[in-house]
$ cat final-v2.cif   # mmCIF, C-alpha atoms
data_upload
#
loop_
_atom_site.label_atom_id
_atom_site.label_comp_id
_atom_site.auth_asym_id
_atom_site.auth_seq_id
_atom_site.Cartn_x
_atom_site.Cartn_y
_atom_site.Cartn_z
CA MET Y 13 105.25 101.98 63.34
CA LYS Y 14 106.23 100.45 66.67
CA LYS Y 15 108.06 102.76 69.06
CA ALA Y 16 111.42 102.01 70.64
CA LEU Y 17 113.32 103.94 73.25
CA VAL Y 18 117.07 103.89 72.61
CA LEU Y 19 119.69 104.93 75.17
CA LEU Y 20 122.25 106.91 73.24
CA SER Y 21 125.62 107.91 74.69
CA GLY Y 22 127.09 109.24 71.46
CA GLY Y 23 129.62 106.41 71.32
CA LEU Y 24 130.18 103.53 68.95
CA ASP Y 25 128.03 100.88 70.64
CA SER Y 26 124.91 102.94 71.16
CA ALA Y 27 125.06 104.37 67.62
CA THR Y 28 125.18 100.81 66.28
CA THR Y 29 122.30 99.84 68.56
CA LEU Y 30 120.21 102.70 67.19
CA ALA Y 31 120.99 101.58 63.62
CA ILE Y 32 119.86 98.05 64.50
CA ALA Y 33 116.60 99.26 66.06
CA ARG Y 34 115.93 101.42 62.98
CA ALA Y 35 116.69 98.44 60.69
CA GLN Y 36 114.14 96.41 62.69
CA GLY Y 37 111.53 99.02 61.74
CA PHE Y 38 111.19 100.88 65.04
CA ALA Y 39 110.36 104.57 65.35
CA CYS Y 40 113.17 105.53 67.71
CA HIS Y 41 112.97 107.96 70.63
CA CYS Y 42 116.50 108.57 71.86
CA ILE Y 43 117.62 109.56 75.32
CA SER Y 44 121.00 110.82 76.52
CA PHE Y 45 122.07 111.76 80.03
CA ASP Y 46 123.83 114.77 81.41
CA TYR Y 47 125.12 113.43 84.75
CA GLY Y 48 128.12 115.64 85.28
CA GLN Y 49 130.43 113.49 83.13
CA ARG Y 50 133.74 115.10 82.18
CA HIS Y 51 133.41 113.94 78.56
CA ARG Y 52 130.44 116.16 77.79
CA ALA Y 53 131.35 116.12 74.11
CA GLU Y 54 129.45 112.83 73.95
CA LEU Y 55 126.16 114.72 74.33
CA ALA Y 56 126.72 116.68 71.14
CA ALA Y 57 127.76 113.45 69.45
CA ALA Y 58 124.55 111.75 70.60
CA ARG Y 59 122.49 114.56 69.09
CA ARG Y 60 124.35 114.21 65.77
CA VAL Y 61 123.93 110.44 65.76
CA ALA Y 62 120.18 110.66 66.48
CA ALA Y 63 119.69 113.06 63.58
CA ASN Y 64 121.96 111.11 61.26
CA LEU Y 65 120.18 107.80 61.86
CA GLY Y 66 116.65 109.19 61.62
CA ALA Y 67 115.45 109.17 65.23
CA VAL Y 68 112.01 110.73 65.68
CA GLU Y 69 112.99 112.47 68.91
CA PHE Y 70 116.10 113.16 70.99
CA ARG Y 71 116.12 114.24 74.62
CA VAL Y 72 118.74 114.88 77.25
CA LEU Y 73 117.76 114.15 80.84
CA ARG Y 74 119.80 115.44 83.72
CA PHE Y 75 120.69 113.77 86.98
CA ASP Y 76 123.27 114.83 89.45
CA LEU Y 77 126.05 112.34 90.11
CA ALA Y 78 128.92 114.84 90.15
CA GLN Y 79 127.79 116.03 93.61
CA LEU Y 80 128.45 112.45 94.84
CA GLY Y 81 131.75 111.79 93.04
CA GLY Y 82 133.15 108.29 93.34
CA SER Y 83 134.32 107.86 89.73
CA ALA Y 84 137.06 109.12 87.44
CA LEU Y 85 134.29 110.08 85.01
CA THR Y 86 132.55 112.45 87.43
CA ASP Y 87 135.39 113.62 89.66
CA ALA Y 88 138.03 115.70 87.88
CA SER Y 89 140.52 115.02 90.68
CA ILE Y 90 140.70 111.30 89.74
CA GLU Y 91 142.82 110.69 86.64
CA ILE Y 92 141.51 108.66 83.70
CA PRO Y 93 143.70 105.54 83.39
CA THR Y 94 145.51 105.41 80.06
CA GLY Y 95 147.93 102.50 80.51
CA GLY Y 96 145.76 99.83 78.90
CA VAL Y 97 142.68 97.80 79.90
CA GLN Y 98 143.33 95.93 83.18
CA PRO Y 99 141.44 93.02 84.77
CA GLY Y 100 138.77 94.00 87.32
CA ILE Y 101 136.55 97.03 87.61
CA PRO Y 102 138.38 100.28 86.70
CA SER Y 103 138.19 103.74 88.33
CA THR Y 104 135.99 104.90 85.46
CA TYR Y 105 133.20 102.72 86.85
CA VAL Y 106 130.29 105.02 87.81
CA PRO Y 107 128.22 103.58 90.68
CA ALA Y 108 124.77 102.45 89.51
CA ARG Y 109 125.05 104.45 86.27
CA ASN Y 110 123.26 102.04 83.95
CA THR Y 111 120.64 101.40 86.63
CA ILE Y 112 119.86 105.11 86.93
CA MET Y 113 119.83 105.57 83.14
CA LEU Y 114 117.61 102.54 82.54
CA SER Y 115 115.25 103.74 85.30
CA LEU Y 116 114.85 107.16 83.70
CA ALA Y 117 114.44 105.47 80.30
CA LEU Y 118 111.77 103.24 81.83
CA ALA Y 119 109.85 106.29 83.06
CA TRP Y 120 109.91 107.91 79.63
CA ALA Y 121 109.01 104.65 77.87
CA GLU Y 122 105.98 104.23 80.11
CA ILE Y 123 104.87 107.80 79.37
CA LEU Y 124 105.40 107.27 75.61
CA ASP Y 125 103.47 103.98 75.73
CA CYS Y 126 106.56 102.29 74.33
CA ARG Y 127 107.51 98.77 75.44
CA ASP Y 128 110.86 98.20 73.69
CA ILE Y 129 114.00 99.66 75.23
CA PHE Y 130 117.37 99.30 73.49
CA ILE Y 131 120.74 99.65 75.18
CA GLY Y 132 124.20 99.17 73.64
CA ILE Y 133 125.84 97.31 76.52
CA ASN Y 134 128.42 94.73 75.67
CA ALA Y 135 130.05 92.12 77.90
CA LEU Y 136 132.91 91.00 75.69
CA ASP Y 137 135.25 93.81 74.59
CA TYR Y 138 134.27 95.99 77.53
CA SER Y 139 135.66 97.73 80.58
CA GLY Y 140 134.52 95.19 83.19
CA TYR Y 141 131.53 97.17 84.46
CA PRO Y 142 129.12 94.81 86.30
CA ASP Y 143 126.08 96.64 84.88
CA CYS Y 144 126.98 95.58 81.34
CA ARG Y 145 126.38 91.86 81.85
CA PRO Y 146 123.38 89.90 80.52
CA GLU Y 147 122.36 88.65 83.99
CA TYR Y 148 122.18 92.25 85.17
CA LEU Y 149 119.92 93.32 82.31
CA ALA Y 150 117.63 90.30 82.82
CA ALA Y 151 117.26 91.25 86.50
CA PHE Y 152 116.53 94.86 85.56
CA GLU Y 153 113.81 93.75 83.14
CA ARG Y 154 112.20 91.55 85.78
CA MET Y 155 112.23 94.43 88.29
CA ALA Y 156 110.85 96.89 85.70
CA ASN Y 157 107.95 94.58 85.01
CA LEU Y 158 106.97 94.69 88.67
CA ALA Y 159 107.57 98.44 89.03
CA THR Y 160 105.26 99.99 86.50
CA ARG Y 161 101.59 100.54 85.79
CA ALA Y 162 102.18 99.45 82.19
CA ALA Y 163 103.54 96.08 83.18
CA VAL Y 164 101.04 95.47 85.98
CA GLU Y 165 98.25 96.16 83.50
CA GLY Y 166 99.59 93.43 81.22
CA ALA Y 167 101.96 94.98 78.70
CA PRO Y 168 105.48 94.13 79.83
CA PHE Y 169 108.67 95.89 78.79
CA SER Y 170 111.38 94.19 76.73
CA PHE Y 171 114.97 95.30 77.13
CA HIS Y 172 117.09 94.68 74.05
CA ALA Y 173 120.89 94.54 74.11
CA PRO Y 174 121.67 93.40 70.56
CA LEU Y 175 125.44 93.80 71.02
CA ILE Y 176 125.79 92.01 74.34
CA ASP Y 177 127.70 89.02 72.90
CA CYS Y 178 129.55 90.79 70.08
CA THR Y 179 133.24 91.56 69.81
CA LYS Y 180 134.05 95.21 69.08
CA ALA Y 181 135.09 94.14 65.56
CA GLN Y 182 131.71 92.52 64.96
CA ILE Y 183 129.97 95.67 66.21
CA VAL Y 184 131.95 97.85 63.81
CA GLN Y 185 131.24 95.50 60.89
CA ARG Y 186 127.54 95.43 61.68
CA GLY Y 187 127.37 99.21 61.97
CA VAL Y 188 129.26 99.83 58.76
CA ALA Y 189 126.87 97.44 56.94
CA LEU Y 190 123.96 99.51 58.32
CA GLY Y 191 125.54 102.79 57.22
CA VAL Y 192 126.64 104.15 60.61
CA ASP Y 193 129.04 107.07 60.24
CA TYR Y 194 131.45 106.43 63.13
CA SER Y 195 133.35 109.64 62.46
CA ILE Y 196 130.59 111.58 64.24
CA THR Y 197 130.58 109.35 67.35
CA VAL Y 198 132.60 109.99 70.52
CA SER Y 199 133.71 107.12 72.79
CA CYS Y 200 136.69 108.75 74.54
CA TYR Y 201 136.50 109.33 78.32
CA GLN Y 202 138.44 112.56 77.96
CA ALA Y 203 137.32 113.84 74.56
CA ASP Y 204 138.09 117.50 74.02
CA GLY Y 205 135.51 120.21 73.34
CA GLU Y 206 135.42 119.33 69.65
CA GLY Y 207 134.88 115.63 70.36
CA ARG Y 208 138.44 114.59 69.46
CA ALA Y 209 139.70 111.48 71.25
CA CYS Y 210 142.80 110.80 73.36
CA GLY Y 211 143.46 107.39 71.82
CA VAL Y 212 144.78 105.87 75.06
CA CYS Y 213 141.91 105.57 77.59
CA ASP Y 214 140.17 102.20 77.86
CA ALA Y 215 137.25 103.34 75.69
CA CYS Y 216 139.65 104.53 72.95
CA ARG Y 217 141.75 101.37 73.12
CA LEU Y 218 138.73 99.05 72.84
CA ARG Y 219 137.41 101.13 69.93
CA ARG Y 220 140.74 101.30 68.07
CA ASN Y 221 141.23 97.55 68.45
CA GLY Y 222 137.72 97.03 67.09
CA PHE Y 223 138.43 98.92 63.85
CA SER Y 224 141.79 97.26 63.54
CA ALA Y 225 140.42 93.71 64.06
CA ALA Y 226 137.57 94.43 61.64
CA GLY Y 227 140.02 95.61 58.99
CA ILE Y 228 138.17 98.91 58.69
CA PRO Y 229 140.01 102.27 58.70
CA ASP Y 230 139.47 104.12 62.00
CA PRO Y 231 137.67 107.42 61.21
CA THR Y 232 138.09 108.78 64.78
CA PRO Y 233 139.61 112.27 65.09
CA TYR Y 234 142.38 112.15 67.74
CA PHE Y 235 143.99 115.05 69.58
CA SER Y 236 147.08 112.93 70.32
CA ALA Y 237 148.49 109.64 69.12
CA MET L 5 128.41 102.72 113.96
CA LYS L 6 126.99 101.01 110.89
CA LYS L 7 125.84 103.35 108.13
CA ALA L 8 122.37 103.32 106.62
CA LEU L 9 121.02 105.29 103.71
CA VAL L 10 117.42 106.40 104.26
CA LEU L 11 115.14 107.70 101.51
CA LEU L 12 113.29 110.61 103.04
CA SER L 13 110.30 112.27 101.38
CA GLY L 14 109.35 114.46 104.31
CA GLY L 15 106.12 112.50 104.84
CA LEU L 16 104.83 110.31 107.63
CA ASP L 17 106.11 106.93 106.42
CA SER L 18 109.67 107.93 105.65
CA ALA L 19 110.01 109.88 108.92
CA THR L 20 108.93 106.75 110.80
CA THR L 21 111.37 104.67 108.76
CA LEU L 22 114.23 107.01 109.72
CA ALA L 23 113.25 106.74 113.39
CA ILE L 24 113.30 102.93 113.10
CA ALA L 25 116.74 102.92 111.45
CA ARG L 26 118.06 105.23 114.18
CA ALA L 27 116.56 103.00 116.89
CA GLN L 28 118.37 100.04 115.30
CA GLY L 29 121.61 101.93 115.86
CA PHE L 30 122.40 103.08 112.33
CA ALA L 31 124.22 106.29 111.47
CA CYS L 32 121.73 107.61 108.91
CA HIS L 33 122.55 109.40 105.67
CA CYS L 34 119.31 110.77 104.27
CA ILE L 35 118.43 111.49 100.68
CA SER L 36 115.52 113.44 99.21
CA PHE L 37 114.68 114.08 95.58
CA ASP L 38 113.78 117.20 93.68
CA TYR L 39 112.10 115.77 90.59
CA GLY L 40 109.84 118.63 89.65
CA GLN L 41 107.07 117.60 92.06
CA ARG L 42 104.36 120.19 92.67
CA HIS L 43 104.44 119.56 96.44
CA ARG L 44 107.95 120.94 96.90
CA ALA L 45 107.14 121.77 100.51
CA GLU L 46 108.03 118.14 101.24
CA LEU L 47 111.71 118.92 100.63
CA ALA L 48 111.80 121.46 103.46
CA ALA L 49 109.93 118.96 105.62
CA ALA L 50 112.50 116.25 104.82
CA ARG L 51 115.31 118.57 105.91
CA ARG L 52 113.50 119.29 109.21
CA VAL L 53 112.86 115.60 109.83
CA ALA L 54 116.48 114.65 109.15
CA ALA L 55 117.70 117.25 111.66
CA ASN L 56 115.04 116.39 114.21
CA LEU L 57 115.80 112.67 114.17
CA GLY L 58 119.58 113.03 114.28
CA ALA L 59 120.63 112.09 110.73
CA VAL L 60 124.35 112.52 110.14
CA GLU L 61 123.83 113.94 106.64
CA PHE L 62 120.99 115.14 104.41
CA ARG L 63 121.19 115.60 100.65
CA VAL L 64 118.79 116.55 97.90
CA LEU L 65 119.46 115.00 94.49
CA ARG L 66 117.79 116.34 91.40
CA PHE L 67 116.41 114.47 88.42
CA ASP L 68 114.18 115.81 85.75
CA LEU L 69 110.79 114.14 85.45
CA ALA L 70 108.74 117.32 84.96
CA GLN L 71 110.09 117.57 81.39
CA LEU L 72 108.42 114.19 80.70
CA GLY L 73 105.09 114.79 82.51
CA GLY L 74 102.76 111.81 82.73
CA SER L 75 101.61 112.29 86.34
CA ALA L 76 99.38 114.62 88.34
CA LEU L 77 102.36 115.14 90.65
CA THR L 78 104.65 116.51 87.93
CA ASP L 79 102.20 118.06 85.46
CA ALA L 80 100.30 121.05 86.84
CA SER L 81 97.63 120.66 84.12
CA ILE L 82 96.45 117.35 85.64
CA GLU L 83 94.30 117.84 88.74
CA ILE L 84 95.05 116.04 91.99
CA PRO L 85 92.08 113.74 92.74
CA THR L 86 90.39 114.64 96.02
CA GLY L 87 87.24 112.48 96.00
CA GLY L 88 88.62 109.59 98.03
CA VAL L 89 90.99 106.66 97.45
CA GLN L 90 89.76 104.56 94.50
CA PRO L 91 90.73 101.02 93.43
CA GLY L 92 93.48 100.80 90.80
CA ILE L 93 96.47 103.01 90.08
CA PRO L 94 95.66 106.74 90.43
CA SER L 95 96.76 109.71 88.29
CA THR L 96 99.27 110.65 90.99
CA TYR L 97 101.29 107.58 90.02
CA VAL L 98 104.70 108.79 88.79
CA PRO L 99 106.22 106.40 86.23
CA ALA L 100 109.24 104.55 87.64
CA ARG L 101 109.63 107.03 90.51
CA ASN L 102 110.71 104.61 93.23
CA THR L 103 112.97 102.83 90.73
CA ILE L 104 114.76 106.09 89.89
CA MET L 105 115.00 107.10 93.55
CA LEU L 106 116.29 103.71 94.66
CA SER L 107 118.83 103.75 91.80
CA LEU L 108 120.22 107.13 92.86
CA ALA L 109 120.22 105.95 96.48
CA LEU L 110 122.12 102.84 95.39
CA ALA L 111 124.77 105.01 93.74
CA TRP L 112 125.25 107.08 96.87
CA ALA L 113 125.24 104.02 99.13
CA GLU L 114 127.97 102.43 97.05
CA ILE L 115 130.06 105.61 97.25
CA LEU L 116 129.50 105.85 101.04
CA ASP L 117 130.41 102.18 101.48
CA CYS L 118 127.01 101.66 103.06
CA ARG L 119 125.08 98.41 102.49
CA ASP L 120 121.77 99.07 104.23
CA ILE L 121 119.13 101.10 102.40
CA PHE L 122 115.83 101.99 104.11
CA ILE L 123 112.64 103.01 102.30
CA GLY L 124 109.25 103.76 103.82
CA ILE L 125 107.09 101.99 101.25
CA ASN L 126 103.90 100.40 102.43
CA ALA L 127 101.56 98.04 100.59
CA LEU L 128 98.54 98.13 102.89
CA ASP L 129 97.14 101.63 103.49
CA TYR L 130 98.63 102.97 100.26
CA SER L 131 97.69 104.51 96.95
CA GLY L 132 98.00 101.39 94.79
CA TYR L 133 101.39 102.22 93.30
CA PRO L 134 103.00 99.04 91.91
CA ASP L 135 106.46 100.13 93.08
CA CYS L 136 105.39 99.94 96.74
CA ARG L 137 104.92 96.16 96.83
CA PRO L 138 107.28 93.67 98.51
CA GLU L 139 107.81 91.65 95.29
CA TYR L 140 108.96 94.85 93.58
CA LEU L 141 111.50 95.66 96.29
CA ALA L 142 112.84 92.08 96.31
CA ALA L 143 113.36 92.30 92.53
CA PHE L 144 115.11 95.67 92.92
CA GLU L 145 117.46 94.22 95.54
CA ARG L 146 118.33 91.27 93.31
CA MET L 147 119.06 93.62 90.39
CA ALA L 148 121.13 95.97 92.59
CA ASN L 149 123.28 93.07 93.70
CA LEU L 150 124.17 92.32 90.08
CA ALA L 151 124.64 95.99 89.13
CA THR L 152 127.36 97.19 91.44
CA ARG L 153 131.03 96.80 92.15
CA ALA L 154 130.25 96.49 95.85
CA ALA L 155 127.97 93.53 95.35
CA VAL L 156 130.14 91.81 92.76
CA GLU L 157 133.06 92.07 95.17
CA GLY L 158 131.07 90.20 97.81
CA ALA L 159 129.28 92.77 100.01
CA PRO L 160 125.64 92.75 98.92
CA PHE L 161 123.10 95.49 99.61
CA SER L 162 120.07 94.95 101.84
CA PHE L 163 116.93 96.95 101.20
CA HIS L 164 114.78 97.44 104.28
CA ALA L 165 111.10 98.37 104.16
CA PRO L 166 110.12 98.08 107.83
CA LEU L 167 106.60 99.44 107.22
CA ILE L 168 105.70 97.31 104.23
CA ASP L 169 103.05 95.24 106.07
CA CYS L 170 101.84 97.89 108.52
CA THR L 171 98.53 99.71 108.58
CA LYS L 172 98.79 103.49 108.71
CA ALA L 173 97.57 103.32 112.33
CA GLN L 174 100.37 100.93 113.26
CA ILE L 175 102.90 103.22 111.55
CA VAL L 176 101.67 106.23 113.56
CA GLN L 177 101.77 104.26 116.81
CA ARG L 178 105.27 103.04 116.12
CA GLY L 179 106.48 106.53 115.23
CA VAL L 180 104.92 108.14 118.29
CA ALA L 181 106.57 105.50 120.48
CA LEU L 182 109.91 106.42 118.87
CA GLY L 183 109.34 110.14 119.42
CA VAL L 184 108.62 111.22 115.84
CA ASP L 185 107.13 114.71 115.67
CA TYR L 186 104.59 114.33 112.89
CA SER L 187 103.67 118.01 113.00
CA ILE L 188 106.83 118.79 111.00
CA THR L 189 106.14 116.18 108.29
CA VAL L 190 104.30 116.85 105.00
CA SER L 191 102.37 114.10 103.19
CA CYS L 192 99.94 116.21 101.14
CA TYR L 193 100.17 116.10 97.32
CA GLN L 194 99.24 119.77 97.12
CA ALA L 195 100.74 121.19 100.29
CA ASP L 196 101.05 124.96 100.25
CA GLY L 197 104.31 126.89 100.54
CA GLU L 198 104.20 126.63 104.34
CA GLY L 199 103.68 122.87 104.24
CA ARG L 200 99.99 123.03 105.20
CA ALA L 201 97.90 120.15 103.89
CA CYS L 202 94.66 120.04 101.85
CA GLY L 203 93.10 117.25 103.90
CA VAL L 204 91.34 115.65 100.91
CA CYS L 205 93.94 114.18 98.52
CA ASP L 206 94.66 110.45 98.82
CA ALA L 207 97.84 111.07 100.84
CA CYS L 208 95.94 113.29 103.31
CA ARG L 209 93.04 110.85 103.60
CA LEU L 210 95.28 107.87 104.31
CA ARG L 211 97.20 109.90 106.88
CA ARG L 212 94.10 111.29 108.62
CA ASN L 213 92.58 107.82 108.81
CA GLY L 214 95.82 106.56 110.32
CA PHE L 215 95.77 109.06 113.19
CA SER L 216 92.07 108.47 113.69
CA ALA L 217 92.37 104.65 113.76
CA ALA L 218 95.37 104.91 116.10
CA GLY L 219 93.42 107.13 118.48
CA ILE L 220 96.13 109.78 118.29
CA PRO L 221 95.32 113.47 117.72
CA ASP L 222 96.27 114.56 114.18
CA PRO L 223 98.93 117.30 114.48
CA THR L 224 98.83 118.16 110.75
CA PRO L 225 98.35 121.83 109.86
CA TYR L 226 95.59 122.07 107.23
CA PHE L 227 94.78 124.99 104.92
CA SER L 228 91.22 123.71 104.54
CA ALA L 229 89.03 121.11 106.23
#
$ encode --input "final-v2.cif" --output "structure tokens"
Amino acid sequence: MKKALVLLSGGLDSATTLAIARAQGFACHCISFDYGQRHRAELAAARRVAANLGAVEFRVLRFDLAQLGGSALTDASIEIPTGGVQPGIPSTYVPARNTIMLSLALAWAEILDCRDIFIGINALDYSGYPDCRPEYLAAFERMANLATRAAVEGAPFSFHAPLIDCTKAQIVQRGVALGVDYSITVSCYQADGEGRACGVCDACRLRRNGFSAAGIPDPTPYFSA
Amino acid sequence: MKKALVLLSGGLDSATTLAIARAQGFACHCISFDYGQRHRAELAAARRVAANLGAVEFRVLRFDLAQLGGSALTDASIEIPTGGVQPGIPSTYVPARNTIMLSLALAWAEILDCRDIFIGINALDYSGYPDCRPEYLAAFERMANLATRAAVEGAPFSFHAPLIDCTKAQIVQRGVALGVDYSITVSCYQADGEGRACGVCDACRLRRNGFSAAGIPDPTPYFSA
């Protein structure tokens, strides 16, 4: 069975991505990141999702972004915006986050002798983060294939973003068809200790709209309406 | 004064790179990485070098590669080769190391509002690591300028590798001319707790040859000949 490395945040998109990789027949090694994010409940969700969708392995790697600050997700003194998704890049943008995560994933993939890396980024119903766009991922792949022993010795890495062009409704429909249990996932930027969602941050709004547009009941536990 | 972010390992190349950035008039913020490397003495050396060369700030960021293994530098059960530099990529290669370090540096640079990032990589008298080559760094820069808010909003990052084409002898000569005190730097892969070098690992051999070819006395403290 071919190995895949799947970046798993515990949210809706990455859970769906894992289900897609499993459906394509990959043995999935999943990686989550503890980077000082305020919504740490997503790490427990990622572990549940990995087990629920039959991953062969789940690991949490740590890196220290909270010491640098610079984002509402890593600096508790910056409030999470809850007024609705605005144009432009929001304060929840974390500098270089996907680049750091993909780099650590690349290291583990090379060690595992795995050449397929899956990430649930999406450039349609998304928060405007530059590191979620297809041109970014293509540039990362090109760089990765110059960076590593594996690639230099002739076995290049492929980065898969199967949701990159999907609406949130399409993602939900695809996941439901593959048996994803979205009630155990956590997307909220300020989820409480039990993983319950606020319902009003950008991540919650995009997710709620996705269920609504897909005509599928939203199974998310909320701590407020 | 324009800000630069300088990756500092505590070794000869990165100390010289910091001296070059300072000579170009940059206010230098230095970053080192604690990634579970066995030669942790380099972190103390990096702190000394930053102070000695007038950096405005020095930080150590942690990331966890030792949990993954896969390199003689992060897995104590793999011996450091000491028989001389061989063709090909050695066991001291750390998967994706420069990519992870540059990614974390990119995050900090974006937060600092700094657009110039210096790294002491060198593709001539080096250990054969793929992530030390100019084509790698160019690909990283291109990716970084698609990844970040800073770049998307029109202020791209420049990655500087002033030593990339230099021989080790040229690096030593340049550093001495700029007043670098190499006696406080640590290059050795198995330096002891006091920062003394083995003299026979690839890093030591390349460094010794550099001083010798430059006709400059080697100030390195060794624990063996």
$ residues_around --input "final-v2.cif" --residues "stretch 172-182 of chain L" --least-positions-apart "2" --cutoff "12 Å" --atoms "only C-alpha atoms" --output "PDB file with C-alpha atoms, in the coordinates of the input"
ATOM      1  CA  GLY L  15     106.120 112.500 104.840  1.00  0.00           C
ATOM      2  CA  LEU L  16     104.830 110.310 107.630  1.00  0.00           C
ATOM      3  CA  ASP L  17     106.110 106.930 106.420  1.00  0.00           C
ATOM      4  CA  SER L  18     109.670 107.930 105.650  1.00  0.00           C
ATOM      5  CA  ALA L  19     110.010 109.880 108.920  1.00  0.00           C
ATOM      6  CA  THR L  20     108.930 106.750 110.800  1.00  0.00           C
ATOM      7  CA  THR L  21     111.370 104.670 108.760  1.00  0.00           C
ATOM      8  CA  LEU L  22     114.230 107.010 109.720  1.00  0.00           C
ATOM      9  CA  ALA L  23     113.250 106.740 113.390  1.00  0.00           C
ATOM     10  CA  ILE L  24     113.300 102.930 113.100  1.00  0.00           C
ATOM     11  CA  ALA L  25     116.740 102.920 111.450  1.00  0.00           C
ATOM     12  CA  ARG L  26     118.060 105.230 114.180  1.00  0.00           C
ATOM     13  CA  ALA L  27     116.560 103.000 116.890  1.00  0.00           C
ATOM     14  CA  GLN L  28     118.370 100.040 115.300  1.00  0.00           C
ATOM     15  CA  LEU L  57     115.800 112.670 114.170  1.00  0.00           C
ATOM     16  CA  GLY L 124     109.250 103.760 103.820  1.00  0.00           C
ATOM     17  CA  ILE L 125     107.090 101.990 101.250  1.00  0.00           C
ATOM     18  CA  ASN L 126     103.900 100.400 102.430  1.00  0.00           C
ATOM     19  CA  ALA L 127     101.560  98.040 100.590  1.00  0.00           C
ATOM     20  CA  LEU L 128      98.540  98.130 102.890  1.00  0.00           C
ATOM     21  CA  ASP L 129      97.140 101.630 103.490  1.00  0.00           C
ATOM     22  CA  TYR L 130      98.630 102.970 100.260  1.00  0.00           C
ATOM     23  CA  SER L 131      97.690 104.510  96.950  1.00  0.00           C
ATOM     24  CA  PRO L 166     110.120  98.080 107.830  1.00  0.00           C
ATOM     25  CA  LEU L 167     106.600  99.440 107.220  1.00  0.00           C
ATOM     26  CA  ILE L 168     105.700  97.310 104.230  1.00  0.00           C
ATOM     27  CA  ASP L 169     103.050  95.240 106.070  1.00  0.00           C
ATOM     28  CA  CYS L 170     101.840  97.890 108.520  1.00  0.00           C
ATOM     29  CA  VAL L 184     108.620 111.220 115.840  1.00  0.00           C
ATOM     30  CA  ASP L 185     107.130 114.710 115.670  1.00  0.00           C
ATOM     31  CA  TYR L 186     104.590 114.330 112.890  1.00  0.00           C
ATOM     32  CA  SER L 187     103.670 118.010 113.000  1.00  0.00           C
ATOM     33  CA  THR L 189     106.140 116.180 108.290  1.00  0.00           C
ATOM     34  CA  ALA L 207      97.840 111.070 100.840  1.00  0.00           C
ATOM     35  CA  CYS L 208      95.940 113.290 103.310  1.00  0.00           C
ATOM     36  CA  ARG L 209      93.040 110.850 103.600  1.00  0.00           C
ATOM     37  CA  LEU L 210      95.280 107.870 104.310  1.00  0.00           C
ATOM     38  CA  ARG L 211      97.200 109.900 106.880  1.00  0.00           C
ATOM     39  CA  ARG L 212      94.100 111.290 108.620  1.00  0.00           C
ATOM     40  CA  ASN L 213      92.580 107.820 108.810  1.00  0.00           C
ATOM     41  CA  GLY L 214      95.820 106.560 110.320  1.00  0.00           C
ATOM     42  CA  PHE L 215      95.770 109.060 113.190  1.00  0.00           C
ATOM     43  CA  SER L 216      92.070 108.470 113.690  1.00  0.00           C
ATOM     44  CA  ALA L 217      92.370 104.650 113.760  1.00  0.00           C
ATOM     45  CA  ALA L 218      95.370 104.910 116.100  1.00  0.00           C
ATOM     46  CA  GLY L 219      93.420 107.130 118.480  1.00  0.00           C
ATOM     47  CA  ILE L 220      96.130 109.780 118.290  1.00  0.00           C
ATOM     48  CA  PRO L 221      95.320 113.470 117.720  1.00  0.00           C
ATOM     49  CA  ASP L 222      96.270 114.560 114.180  1.00  0.00           C
ATOM     50  CA  PRO L 223      98.930 117.300 114.480  1.00  0.00           C
TER      51      PRO L 223
END
$ atom_distance --input "final-v2.cif" --atom1 "atom CA of Y:Gln202" --atom2 "atom CA of Y:Glu69"
27.0 Å
$ closest_residue --input "final-v2.cif" --among "L:Gly58, L:Val53, L:His43, L:Asp38" --to "L:Thr96" --atoms "all atoms listed in the file"
L:His43
$ closest_residue --input "final-v2.cif" --among "Y:His172, Y:Gly48, Y:Ala53, Y:Gly96" --to "Y:Glu206" --atoms "only C-alpha atoms"
Y:Ala53
$ residues_around --input "final-v2.cif" --residues "Y:Pro93" --least-positions-apart "5" --cutoff "9 Å" --atoms "only C-alpha atoms" --output "JSON, numbers by chain"
{"Y": [84, 102, 103, 104, 212, 213, 214]}
$ write_last_selection --input "final-v2.cif" --atoms "C-alpha atoms" --output "CSV table (one decimal), keeping the file's coordinate frame"
chain,number,residue,atom,x,y,z
Y,84,ALA,CA,137.1,109.1,87.4
Y,102,PRO,CA,138.4,100.3,86.7
Y,103,SER,CA,138.2,103.7,88.3
Y,104,THR,CA,136.0,104.9,85.5
Y,212,VAL,CA,144.8,105.9,75.1
Y,213,CYS,CA,141.9,105.6,77.6
Y,214,ASP,CA,140.2,102.2,77.9
$ closest_residue --input "final-v2.cif" --among "Y:Gly37, Y:Cys210, Y:Gln49, Y:Leu19" --to "Y:Asp87" --atoms "all atoms listed in the file"
Y:Gln49
